[in-house]
$ cat coords12.cif   # mmCIF, C-alpha atoms
data_work
#
loop_
_atom_site.label_atom_id
_atom_site.label_comp_id
_atom_site.auth_asym_id
_atom_site.auth_seq_id
_atom_site.Cartn_x
_atom_site.Cartn_y
_atom_site.Cartn_z
CA ALA D 1 10.42 -6.29 -7.60
CA PHE D 2 14.13 -7.16 -7.32
CA THR D 3 16.68 -4.52 -6.36
CA ALA D 4 20.21 -4.05 -5.10
CA SER D 5 19.25 -0.64 -3.76
CA ARG D 6 17.38 0.75 -0.78
CA VAL D 7 13.62 0.41 -0.41
CA VAL D 8 11.49 3.23 1.01
CA VAL D 9 8.00 2.46 2.31
CA VAL D 10 5.21 4.90 3.15
CA ALA D 11 1.91 3.66 4.55
CA ASP D 12 -1.54 5.28 4.64
CA VAL D 13 -1.59 8.79 3.16
CA HIS D 14 -5.35 9.51 3.17
CA GLY D 15 -5.47 12.51 0.93
CA ASP D 16 -2.59 14.51 2.38
CA ALA D 17 -0.26 15.42 -0.50
CA GLY D 18 1.79 17.77 1.66
CA ARG D 19 2.69 15.10 4.19
CA LEU D 20 3.50 12.58 1.45
CA ARG D 21 5.86 15.03 -0.22
CA GLN D 22 7.48 15.80 3.13
CA ALA D 23 8.14 12.10 3.68
CA LEU D 24 9.54 11.59 0.17
CA ARG D 25 11.81 14.62 0.48
CA LEU D 26 13.03 13.30 3.83
CA ALA D 27 13.97 10.04 2.12
CA ASN D 28 15.62 11.78 -0.85
CA ILE D 29 13.10 10.26 -3.22
CA ILE D 30 11.86 13.57 -4.67
CA ASP D 31 13.44 16.98 -5.14
CA GLU D 32 12.94 19.95 -2.82
CA GLU D 33 10.17 21.31 -5.04
CA GLY D 34 8.32 18.02 -4.57
CA LYS D 35 7.89 17.32 -8.27
CA ARG D 36 10.73 15.14 -9.59
CA TRP D 37 12.18 11.74 -8.77
CA VAL D 38 15.74 12.02 -7.44
CA GLY D 39 15.87 8.56 -5.82
CA GLY D 40 18.06 6.98 -8.50
CA ASP D 41 17.64 3.20 -8.45
CA ALA D 42 15.69 3.12 -5.18
CA VAL D 43 12.35 1.36 -4.85
CA PHE D 44 9.46 3.32 -3.35
CA VAL D 45 6.49 1.34 -2.01
CA GLN D 46 3.16 2.84 -0.98
CA THR D 47 0.99 0.34 0.91
CA GLY D 48 -2.47 1.68 0.07
CA ASP D 49 -5.14 4.03 1.40
CA ILE D 50 -4.30 7.08 -0.66
CA LEU D 51 -7.96 7.98 -1.06
CA ASP D 52 -10.54 9.35 1.41
CA ARG D 53 -10.49 11.42 4.61
CA GLY D 54 -8.25 14.15 3.16
CA PRO D 55 -8.68 16.42 0.10
CA ASP D 56 -5.78 15.40 -2.18
CA GLY D 57 -6.31 11.74 -3.09
CA TYR D 58 -6.87 12.29 -6.81
CA HIS D 59 -3.87 14.58 -7.13
CA ILE D 60 -1.69 12.07 -5.24
CA LEU D 61 -2.68 9.24 -7.59
CA VAL D 62 -1.81 11.37 -10.63
CA PHE D 63 1.48 12.43 -8.99
CA LEU D 64 2.45 8.80 -8.25
CA ALA D 65 1.73 7.80 -11.84
CA GLN D 66 4.08 10.56 -13.03
CA LEU D 67 6.65 9.62 -10.42
CA ALA D 68 6.57 5.99 -11.54
CA GLU D 69 7.53 7.01 -15.08
CA GLN D 70 10.39 9.17 -13.81
CA ALA D 71 11.62 6.38 -11.51
CA LEU D 72 11.76 3.87 -14.37
CA GLU D 73 13.85 6.28 -16.45
CA ALA D 74 16.33 6.54 -13.54
CA GLY D 75 16.49 2.78 -12.91
CA GLY D 76 14.20 2.91 -9.89
CA CYS D 77 10.67 1.73 -9.27
CA VAL D 78 7.38 2.82 -7.68
CA VAL D 79 5.22 0.01 -6.28
CA GLN D 80 1.64 0.64 -5.19
CA VAL D 81 -0.43 -1.82 -3.18
CA LEU D 82 -4.23 -1.79 -3.02
CA GLY D 83 -5.80 -0.49 0.19
CA ASN D 84 -9.28 -1.04 1.56
CA HIS D 85 -10.22 2.57 0.78
CA GLU D 86 -9.27 2.10 -2.87
CA LEU D 87 -11.45 -1.03 -2.91
CA MET D 88 -14.33 0.89 -1.33
CA ASN D 89 -14.05 3.61 -3.97
CA LEU D 90 -13.98 1.09 -6.81
CA ALA D 91 -17.15 -0.38 -5.31
CA GLY D 92 -18.83 3.04 -5.24
CA ASP D 93 -18.60 3.56 -1.48
CA PHE D 94 -17.72 7.23 -1.07
CA ASN D 95 -18.81 7.56 2.56
CA TYR D 96 -15.31 8.63 3.65
CA ALA D 97 -14.61 10.90 0.70
CA ASP D 98 -13.61 14.48 1.42
CA PRO D 99 -15.82 16.92 -0.60
CA GLU D 100 -12.72 18.68 -1.92
CA GLU D 101 -11.31 15.36 -3.12
CA THR D 102 -14.56 14.65 -4.97
CA ALA D 103 -14.32 18.11 -6.53
CA GLN D 104 -10.81 17.21 -7.77
CA PHE D 105 -12.36 14.24 -9.54
CA GLY D 106 -14.86 16.57 -11.22
CA GLY D 107 -17.80 15.94 -8.91
CA ILE D 108 -19.49 12.66 -8.01
CA MET D 109 -20.10 11.67 -11.64
CA GLY D 110 -16.49 12.54 -12.49
CA ARG D 111 -15.37 10.41 -9.56
CA ARG D 112 -17.38 7.45 -10.81
CA HIS D 113 -16.08 7.90 -14.37
CA LYS D 114 -12.42 8.23 -13.36
CA LEU D 115 -12.71 5.13 -11.14
CA SER D 116 -14.36 3.05 -13.89
CA PRO D 117 -12.42 0.38 -15.84
CA ASP D 118 -12.69 2.58 -18.96
CA TYR D 119 -10.53 5.39 -17.52
CA TRP D 120 -6.78 5.03 -16.98
CA LEU D 121 -7.00 5.66 -13.23
CA GLY D 122 -9.74 3.10 -12.65
CA ALA D 123 -7.84 0.56 -14.75
CA HIS D 124 -4.65 1.32 -12.81
CA LEU D 125 -6.30 0.84 -9.40
CA ARG D 126 -7.82 -2.44 -10.58
CA SER D 127 -4.34 -3.67 -11.49
CA LEU D 128 -2.80 -3.07 -8.06
CA PRO D 129 -1.74 -6.16 -6.08
CA LEU D 130 -3.15 -7.15 -2.70
CA ALA D 131 0.45 -7.69 -1.63
CA ALA D 132 3.85 -7.19 -3.23
CA GLN D 133 7.14 -8.99 -2.69
CA VAL D 134 10.34 -6.96 -2.87
CA VAL D 135 13.62 -8.87 -2.94
CA GLN D 136 16.76 -6.94 -2.03
CA GLN D 137 20.27 -8.10 -2.81
CA LEU D 138 22.43 -7.15 0.15
CA GLU D 139 26.05 -5.99 -0.02
CA ASP D 140 27.21 -9.47 1.02
CA GLY D 141 25.33 -11.07 -1.92
CA ARG D 142 22.42 -12.52 0.07
CA ASN D 143 18.83 -11.92 -1.04
CA VAL D 144 16.23 -10.78 1.51
CA SER D 145 12.51 -10.80 0.72
CA THR D 146 9.95 -8.44 2.26
CA ILE D 147 6.17 -8.65 1.82
CA MET D 148 4.32 -5.34 1.50
CA SER D 149 0.60 -5.44 2.22
CA HIS D 150 -2.00 -2.95 3.31
CA ALA D 151 -3.28 -4.96 6.28
CA GLY D 152 -1.16 -8.14 6.22
CA VAL D 153 -1.33 -11.53 4.53
CA LEU D 154 -2.57 -14.27 6.87
CA PRO D 155 -1.41 -17.88 6.35
CA GLN D 156 -4.79 -19.21 5.19
CA PHE D 157 -4.62 -17.11 2.02
CA VAL D 158 -1.24 -18.41 0.83
CA GLN D 159 -1.42 -21.94 2.22
CA GLN D 160 -2.29 -23.47 -1.14
CA THR D 161 -1.36 -20.74 -3.59
CA SER D 162 1.41 -18.29 -4.36
CA LEU D 163 1.34 -14.53 -3.87
CA ARG D 164 1.48 -14.10 -7.63
CA ALA D 165 -1.48 -16.44 -8.16
CA MET D 166 -3.48 -14.64 -5.45
CA ASN D 167 -2.87 -11.25 -7.08
CA LEU D 168 -3.59 -12.60 -10.55
CA MET D 169 -6.90 -14.09 -9.39
CA VAL D 170 -8.08 -10.73 -8.04
CA TRP D 171 -6.82 -8.85 -11.11
CA ASN D 172 -8.86 -11.19 -13.33
CA TRP D 173 -11.94 -10.46 -11.22
CA PHE D 174 -11.39 -6.71 -11.32
CA LYS D 175 -9.95 -5.84 -14.73
CA GLU D 176 -13.30 -5.37 -16.50
CA ALA D 177 -15.55 -5.22 -13.44
CA ASP D 178 -17.76 -2.18 -13.02
CA GLU D 179 -18.70 -0.60 -9.69
CA ARG D 180 -21.61 -2.98 -9.10
CA ALA D 181 -19.54 -6.10 -9.85
CA ILE D 182 -16.74 -5.01 -7.50
CA ARG D 183 -19.31 -4.24 -4.79
CA ARG D 184 -20.62 -7.80 -5.15
CA LEU D 185 -17.11 -9.32 -5.12
CA SER D 186 -16.07 -7.29 -2.08
CA SER D 187 -19.05 -8.59 -0.12
CA THR D 188 -18.75 -12.27 -1.09
CA GLU D 189 -15.10 -13.24 -1.68
CA SER D 190 -13.23 -14.13 1.52
CA ILE D 191 -9.95 -12.63 0.34
CA LEU D 192 -11.69 -9.23 0.09
CA LEU D 193 -13.48 -9.54 3.45
CA GLY D 194 -12.49 -8.93 7.06
CA TYR D 195 -9.56 -11.33 7.41
CA GLY D 196 -8.17 -10.63 3.95
CA PRO D 197 -5.06 -8.57 3.14
CA LEU D 198 -7.05 -5.33 2.88
CA TRP D 199 -8.97 -5.36 6.14
CA ASN D 200 -7.60 -7.53 8.94
CA ARG D 201 -5.94 -6.17 12.08
CA VAL D 202 -4.62 -9.51 13.30
CA TYR D 203 -0.90 -8.73 13.14
CA ALA D 204 -1.44 -5.29 14.66
CA GLU D 205 -3.77 -6.18 17.53
CA LEU D 206 -3.10 -9.80 18.53
CA GLU D 207 -0.75 -10.38 21.45
CA ASP D 208 2.89 -10.93 20.51
CA GLU D 209 3.08 -14.71 20.81
CA ARG D 210 0.06 -15.45 18.61
CA ALA D 211 0.74 -12.65 16.12
CA CYS D 212 4.34 -13.71 15.65
CA ARG D 213 3.41 -17.38 15.31
CA LEU D 214 0.92 -16.57 12.54
CA LEU D 215 3.41 -14.24 10.90
CA GLY D 216 6.10 -16.92 11.01
CA ALA D 217 3.79 -19.39 9.28
CA ALA D 218 2.97 -16.88 6.54
CA MET D 219 6.63 -15.93 6.10
CA ASP D 220 7.59 -19.60 5.71
CA MET D 221 4.93 -20.05 3.03
CA LEU D 222 6.04 -16.88 1.25
CA ASP D 223 9.77 -17.58 1.72
CA SER D 224 10.26 -14.09 3.14
CA LYS D 225 12.03 -12.45 6.07
CA ARG D 226 9.58 -9.74 7.08
CA MET D 227 6.27 -8.02 6.37
CA ILE D 228 5.41 -4.31 6.33
CA VAL D 229 1.77 -3.29 6.75
CA GLY D 230 -0.31 -0.16 7.21
CA HIS D 231 -4.06 0.07 7.92
CA THR D 232 -3.97 0.15 11.73
CA VAL D 233 -2.93 3.55 13.07
CA GLN D 234 -0.19 3.35 15.69
CA MET D 235 -1.42 5.57 18.48
CA THR D 236 2.13 6.50 19.46
CA GLY D 237 2.49 8.28 16.13
CA ARG D 238 5.61 6.18 15.50
CA VAL D 239 6.34 3.08 13.42
CA THR D 240 6.05 -0.09 15.52
CA VAL D 241 8.42 -3.05 15.11
CA ARG D 242 7.28 -6.47 16.38
CA CYS D 243 8.37 -10.10 16.15
CA HIS D 244 12.10 -9.32 16.38
CA GLY D 245 11.98 -7.11 13.32
CA ALA D 246 9.90 -9.44 11.16
CA LEU D 247 6.77 -7.26 11.40
CA ILE D 248 6.68 -3.50 10.81
CA LEU D 249 3.45 -1.58 11.47
CA ALA D 250 3.95 1.56 9.40
CA ASP D 251 0.65 3.47 9.63
CA THR D 252 1.30 6.38 11.99
CA GLY D 253 -1.79 8.34 10.98
CA MET D 254 0.42 10.87 9.25
CA SER D 255 -2.47 12.46 7.31
CA SER D 256 -3.55 15.74 8.85
CA PHE D 257 -6.97 14.11 9.23
CA TYR D 258 -5.44 12.01 12.04
CA GLY D 259 -2.74 14.45 13.11
CA GLY D 260 -0.20 11.68 13.58
CA GLY D 261 3.54 11.66 13.04
CA LEU D 262 5.35 11.98 9.74
CA SER D 263 7.05 8.64 9.12
CA LEU D 264 8.54 6.20 6.65
CA VAL D 265 10.51 2.98 6.66
CA GLN D 266 13.78 2.45 4.78
CA LEU D 267 15.19 -1.01 4.13
CA ASP D 268 18.94 -0.81 3.71
CA THR D 269 21.26 -3.15 1.81
CA ASP D 270 23.99 -3.52 4.44
CA ALA D 271 24.94 -7.05 5.50
CA GLY D 272 22.64 -6.82 8.51
CA ALA D 273 19.60 -6.04 6.32
CA GLY D 274 19.12 -2.92 8.42
CA ILE D 275 15.86 -1.07 8.90
CA THR D 276 15.90 2.72 9.25
CA LEU D 277 12.78 4.30 10.75
CA PHE D 278 12.04 7.97 10.14
CA ASN D 279 9.57 9.19 12.77
#
$ encode --input "coords12.cif" --output "structure tokens"
Amino acid sequence: AFTASRVVVVADVHGDAGRLRQALRLANIIDEEGKRWVGGDAVFVQTGDILDRGPDGYHILVFLAQLAEQALEAGGCVVQVLGNHELMNLAGDFNYADPEETAQFGGIMGRRHKLSPDYWLGAHLRSLPLAAQVVQQLEDGRNVSTIMSHAGVLPQFVQQTSLRAMNLMVWNWFKEADERAIRRLSSTESILLGYGPLWNRVYAELEDERACRLLGAAMDMLDSKRMIVGHTVQMTGRVTVRCHGALILADTGMSSFYGGGLSLVQLDTDAGAGITLFN
């Protein structure tokens, strides 16, 4: 995505529609009733893990699809990134599913049907990128690139390929794959395993020097300034900034399942490429 406007990022939601709407109202992305896009030409990015743990995952996915249409009409954009819990659901792993969420899907068979490649929601989730690049044009004319990923893109996955090629490869695997095929892919393909962009905790848990060195290598390969990730809950309940602003850990466990802090990240277009944290 390319924009000359602000970018608002919300990390792991885990089935809590109320908290998501609170965050989007706080950022002036939706109206006070929580139903309509009022963000103008802003870009809203959600970095995955909408499903599981809480009761509202299905309703959130439908809401974001509606919001995406409204955003486009206003000149804005909604960007969703695949999370490990979306992958698990596509593979038929419902171990973390809230019973009320499954009821929203229409029961376990309804859940399987709606997550299949033959239903719009299953097709939509299969199309989501492992990571997204958002380029902002600042007020002084410079362009600044930010990588959005659920868990973080490590250098080995973009050393010999582009972000676009990586996402396209996975989309080609997934687009017609049924539950069994995705389960097989997610247990054999390295990019979908523990150090891939959906699962790793390297940037969140490694000590500063090593984490920032790896991040710097990845940023050079991706020609980007910073990376925003979710996945690893920040026990302070607040967004964590590392590597002199180049790494933002945005998962504050804001779902009521975790009881963490309401939060979001806003990337501004001022000449300093400012970051506003709402905690």
$ resolve_selection --input "coords12.cif" --expression "the PyMOL selection byres ((chain D and resi 55) around 7)" --output "ChimeraX atom specification"
/D:15-16,53-54,56-57,98,100-101
$ write_last_selection --input "coords12.cif" --atoms "C-alpha atoms" --output "short mmCIF file (atom, residue, chain, number, x, y, z; two decimals), keeping the file's coordinate frame"
data_model
loop_
_atom_site.label_atom_id
_atom_site.label_comp_id
_atom_site.auth_asym_id
_atom_site.auth_seq_id
_atom_site.Cartn_x
_atom_site.Cartn_y
_atom_site.Cartn_z
CA GLY D 15 -5.47 12.51 0.93
CA ASP D 16 -2.59 14.51 2.38
CA ARG D 53 -10.49 11.42 4.61
CA GLY D 54 -8.25 14.15 3.16
CA ASP D 56 -5.78 15.40 -2.18
CA GLY D 57 -6.31 11.74 -3.09
CA ASP D 98 -13.61 14.48 1.42
CA GLU D 100 -12.72 18.68 -1.92
CA GLU D 101 -11.31 15.36 -3.12
#
$ closest_residue --input "coords12.cif" --among "D:Ala132, D:Val158, D:Leu82, D:Leu61" --to "Lys114 of chain D" --atoms "only C-alpha atoms"
D:Leu61
$ resolve_selection --input "coords12.cif" --expression "the PyMOL selection byres ((chain D and resi 97) around 12)" --output "PDB file with C-alpha atoms, in the coordinates of the input"
ATOM      1  CA  HIS D  14      -5.350   9.510   3.170  1.00  0.00           C
ATOM      2  CA  GLY D  15      -5.470  12.510   0.930  1.00  0.00           C
ATOM      3  CA  ASP D  49      -5.140   4.030   1.400  1.00  0.00           C
ATOM      4  CA  ILE D  50      -4.300   7.080  -0.660  1.00  0.00           C
ATOM      5  CA  LEU D  51      -7.960   7.980  -1.060  1.00  0.00           C
ATOM      6  CA  ASP D  52     -10.540   9.350   1.410  1.00  0.00           C
ATOM      7  CA  ARG D  53     -10.490  11.420   4.610  1.00  0.00           C
ATOM      8  CA  GLY D  54      -8.250  14.150   3.160  1.00  0.00           C
ATOM      9  CA  PRO D  55      -8.680  16.420   0.100  1.00  0.00           C
ATOM     10  CA  ASP D  56      -5.780  15.400  -2.180  1.00  0.00           C
ATOM     11  CA  GLY D  57      -6.310  11.740  -3.090  1.00  0.00           C
ATOM     12  CA  TYR D  58      -6.870  12.290  -6.810  1.00  0.00           C
ATOM     13  CA  HIS D  85     -10.220   2.570   0.780  1.00  0.00           C
ATOM     14  CA  GLU D  86      -9.270   2.100  -2.870  1.00  0.00           C
ATOM     15  CA  MET D  88     -14.330   0.890  -1.330  1.00  0.00           C
ATOM     16  CA  ASN D  89     -14.050   3.610  -3.970  1.00  0.00           C
ATOM     17  CA  GLY D  92     -18.830   3.040  -5.240  1.00  0.00           C
ATOM     18  CA  ASP D  93     -18.600   3.560  -1.480  1.00  0.00           C
ATOM     19  CA  PHE D  94     -17.720   7.230  -1.070  1.00  0.00           C
ATOM     20  CA  ASN D  95     -18.810   7.560   2.560  1.00  0.00           C
ATOM     21  CA  TYR D  96     -15.310   8.630   3.650  1.00  0.00           C
ATOM     22  CA  ASP D  98     -13.610  14.480   1.420  1.00  0.00           C
ATOM     23  CA  PRO D  99     -15.820  16.920  -0.600  1.00  0.00           C
ATOM     24  CA  GLU D 100     -12.720  18.680  -1.920  1.00  0.00           C
ATOM     25  CA  GLU D 101     -11.310  15.360  -3.120  1.00  0.00           C
ATOM     26  CA  THR D 102     -14.560  14.650  -4.970  1.00  0.00           C
ATOM     27  CA  ALA D 103     -14.320  18.110  -6.530  1.00  0.00           C
ATOM     28  CA  GLN D 104     -10.810  17.210  -7.770  1.00  0.00           C
ATOM     29  CA  PHE D 105     -12.360  14.240  -9.540  1.00  0.00           C
ATOM     30  CA  GLY D 107     -17.800  15.940  -8.910  1.00  0.00           C
ATOM     31  CA  ILE D 108     -19.490  12.660  -8.010  1.00  0.00           C
ATOM     32  CA  ARG D 111     -15.370  10.410  -9.560  1.00  0.00           C
ATOM     33  CA  PHE D 257      -6.970  14.110   9.230  1.00  0.00           C
TER      34      PHE D 257
END
$ residues_near_point --input "coords12.cif" --point "(8.7, -3.9, 15.6)" --cutoff "12 Å" --atoms "only C-alpha atoms" --output "PyMOL selection string"
chain D and resi 203-204+208+211-212+226-229+234+238-250+265+275-277
$ residues_around --input "coords12.cif" --residues "Gly253 of chain D" --least-positions-apart "5" --cutoff "6 Å" --atoms "all atoms listed in the file" --output "PyMOL selection string"
chain D and resi 233+258+260
$ closest_residue --input "coords12.cif" --among "D:His150, D:Arg213, D:Lys175, D:His231" --to "Pro197 of chain D" --atoms "all atoms listed in the file"
D:His150
$ closest_residue --input "coords12.cif" --among "D:His59, D:Arg6, D:Arg201, D:Arg36" --to "Val153 of chain D" --atoms "all atoms listed in the file"
D:Arg201
$ closest_residue --input "coords12.cif" --among "D:Leu67, D:Ala131, D:Val45, D:Asp268" --to "Ser162 of chain D" --atoms "all atoms listed in the file"
D:Ala131
$ atom_distance --input "coords12.cif" --atom1 "atom CA of Gly230 of chain D" --atom2 "atom CA of Gln46 of chain D"
9.4 Å
